$ cat start_26.txt   # compact mmCIF, C-alpha atoms
# COMPACT_ATOMS: atom_id res chain seq x y z
CA MET P 2 79.29 82.00 122.76
CA LEU P 3 76.56 84.21 121.26
CA GLY P 4 77.16 82.58 117.90
CA TRP P 5 73.45 82.77 117.22
CA TRP P 6 73.65 86.57 117.46
CA ASN P 7 75.74 87.17 114.35
CA PRO P 8 75.20 85.71 110.89
CA GLU P 9 77.77 83.34 109.40
CA ASN P 10 81.14 84.68 108.21
CA VAL P 11 81.06 87.74 110.47
CA SER P 12 84.24 88.90 112.14
CA THR P 13 83.91 89.70 115.84
CA ASP P 14 86.88 92.14 115.67
CA GLY P 15 88.95 90.17 118.14
CA GLY P 16 86.21 89.85 120.71
CA LEU P 17 85.29 93.55 120.89
CA PHE P 18 81.61 92.70 120.47
CA HIS P 19 81.77 90.24 123.37
CA LEU P 20 83.68 92.73 125.52
CA LEU P 21 81.03 95.39 124.96
CA TYR P 22 78.16 92.97 125.44
CA TRP P 23 79.36 91.39 128.68
CA SER P 24 80.72 94.62 130.20
CA SER P 25 77.34 96.26 129.58
CA ALA P 26 75.57 93.31 131.17
CA ALA P 27 77.88 93.36 134.21
CA GLY P 28 77.50 97.13 134.60
CA MET P 29 73.71 96.88 134.42
CA LEU P 30 73.67 94.08 136.98
CA PHE P 31 75.96 96.04 139.32
CA VAL P 32 73.77 99.15 139.13
CA GLN P 33 70.59 97.10 139.68
CA VAL P 34 72.04 95.44 142.80
CA LEU P 35 73.31 98.77 144.08
CA CYS P 36 69.94 100.45 143.53
CA SER P 37 68.03 97.63 145.18
CA ARG P 38 70.15 97.89 148.34
CA LEU P 39 69.89 101.67 148.61
CA ARG P 40 66.20 102.02 149.32
CA GLN P 41 66.51 105.49 150.84
CA PRO P 42 68.71 108.02 149.14
CA ALA P 43 71.60 109.26 151.21
CA PRO P 44 71.60 112.95 152.07
CA VAL P 45 73.61 114.85 149.50
CA ARG P 46 75.77 117.68 150.77
CA ASP P 47 78.22 118.48 148.02
CA ALA P 48 77.86 116.24 144.98
CA ARG P 49 80.35 117.90 142.62
CA GLY P 50 82.87 115.09 142.93
CA ARG P 51 80.23 112.41 142.37
CA GLU P 52 78.76 114.30 139.43
CA PHE P 53 82.22 114.63 137.91
CA VAL P 54 82.87 110.88 138.25
CA TRP P 55 79.36 110.07 136.99
CA ALA P 56 80.02 112.11 133.84
CA ILE P 57 83.69 111.37 133.18
CA VAL P 58 83.84 107.58 133.72
CA PRO P 59 81.16 106.73 131.12
CA ALA P 60 82.65 109.28 128.73
CA LEU P 61 86.08 107.65 129.03
CA LEU P 62 84.58 104.19 128.54
CA LEU P 63 82.72 105.28 125.41
CA LEU P 64 85.81 107.04 124.09
CA SER P 65 87.98 103.94 124.62
CA PHE P 66 85.38 101.70 122.93
CA GLY P 67 85.20 104.12 120.01
CA LEU P 68 88.98 104.24 119.63
CA ALA P 69 89.22 100.44 119.78
CA SER P 70 86.55 100.01 117.11
CA HIS P 71 88.11 102.74 114.95
CA ARG P 72 91.50 101.04 115.10
CA SER P 73 90.02 97.64 114.23
CA THR P 74 88.04 98.93 111.24
CA HIS P 75 90.76 101.22 109.89
CA ALA P 76 93.70 98.83 110.30
CA PRO P 77 95.80 98.07 107.22
CA ALA P 78 94.38 95.23 105.13
CA ALA P 79 97.42 93.05 105.87
CA ALA P 80 96.76 93.25 109.62
CA ARG P 81 93.07 92.34 109.36
CA PRO P 82 92.04 88.69 109.19
CA GLN P 83 90.83 87.68 105.76
CA LEU P 84 87.81 85.48 105.21
CA ALA P 85 87.77 82.93 102.45
CA LEU P 86 84.23 82.68 101.13
CA GLU P 87 83.14 79.59 99.26
CA ALA P 88 80.46 79.50 96.61
CA SER P 89 77.39 77.74 97.93
CA PRO P 90 74.99 75.86 95.69
CA GLY P 91 71.91 77.81 94.71
CA PRO P 92 68.35 76.66 95.26
CA HIS P 93 68.59 74.19 92.34
CA GLY P 94 72.03 72.80 93.16
CA ALA P 95 74.04 74.96 90.74
CA ALA P 96 76.82 77.20 92.03
CA ARG P 97 76.34 80.87 91.25
$ encode --input "start_26.txt" --output "structure tokens"
Amino acid sequence: MLGWWNPENVSTDGGLFHLLYWSSAAGMLFVQVLCSRLRQPAPVRDARGREFVWAIVPALLLLSFGLASHRSTHAPAAARPQLALEASPGPHGAAR
């Protein structure tokens, strides 16, 4: 899925790209549905708890995504999958 998105011979880091892509799409859809149902804003009395959650949850998500991508790019070479690239014929049929 989404193979057209990346060029050939690109590692998807164990599906991290797909996780980020689809979780962002699901989050956007959830917020859009929630906003469309709440036509009138609710009266806000004390919003400290909501503001805390609104700030901390995305920060934790971004931090976890950053740690996961850091681990996948800085893993030892033996642990990373290796790609075997083949020489392709040039424009006139000769391999470069």
$ atom_distance --input "start_26.txt" --atom1 "CA of Phe66 (chain P)" --atom2 "CA of Leu21 (chain P)"
7.9 Å
$ atom_distance --input "start_26.txt" --atom1 "CA of Ala69 (chain P)" --atom2 "CA of Leu30 (chain P)"
24.0 Å
$ residues_around --input "start_26.txt" --residues "Ser24 (chain P)" --least-positions-apart "6" --cutoff "12 Å" --atoms "all atoms listed in the file" --output "PDB file with C-alpha atoms, in the coordinates of the input"
ATOM      1  CA  GLY P  16      86.210  89.850 120.710  1.00  0.00           C
ATOM      2  CA  LEU P  17      85.290  93.550 120.890  1.00  0.00           C
ATOM      3  CA  PHE P  18      81.610  92.700 120.470  1.00  0.00           C
ATOM      4  CA  LEU P  30      73.670  94.080 136.980  1.00  0.00           C
ATOM      5  CA  PHE P  31      75.960  96.040 139.320  1.00  0.00           C
ATOM      6  CA  LEU P  62      84.580 104.190 128.540  1.00  0.00           C
ATOM      7  CA  LEU P  63      82.720 105.280 125.410  1.00  0.00           C
ATOM      8  CA  PHE P  66      85.380 101.700 122.930  1.00  0.00           C
TER       9      PHE P  66
END
$ atom_distance --input "start_26.txt" --atom1 "CA of Val58 (chain P)" --atom2 "CA of Ala27 (chain P)"
15.4 Å
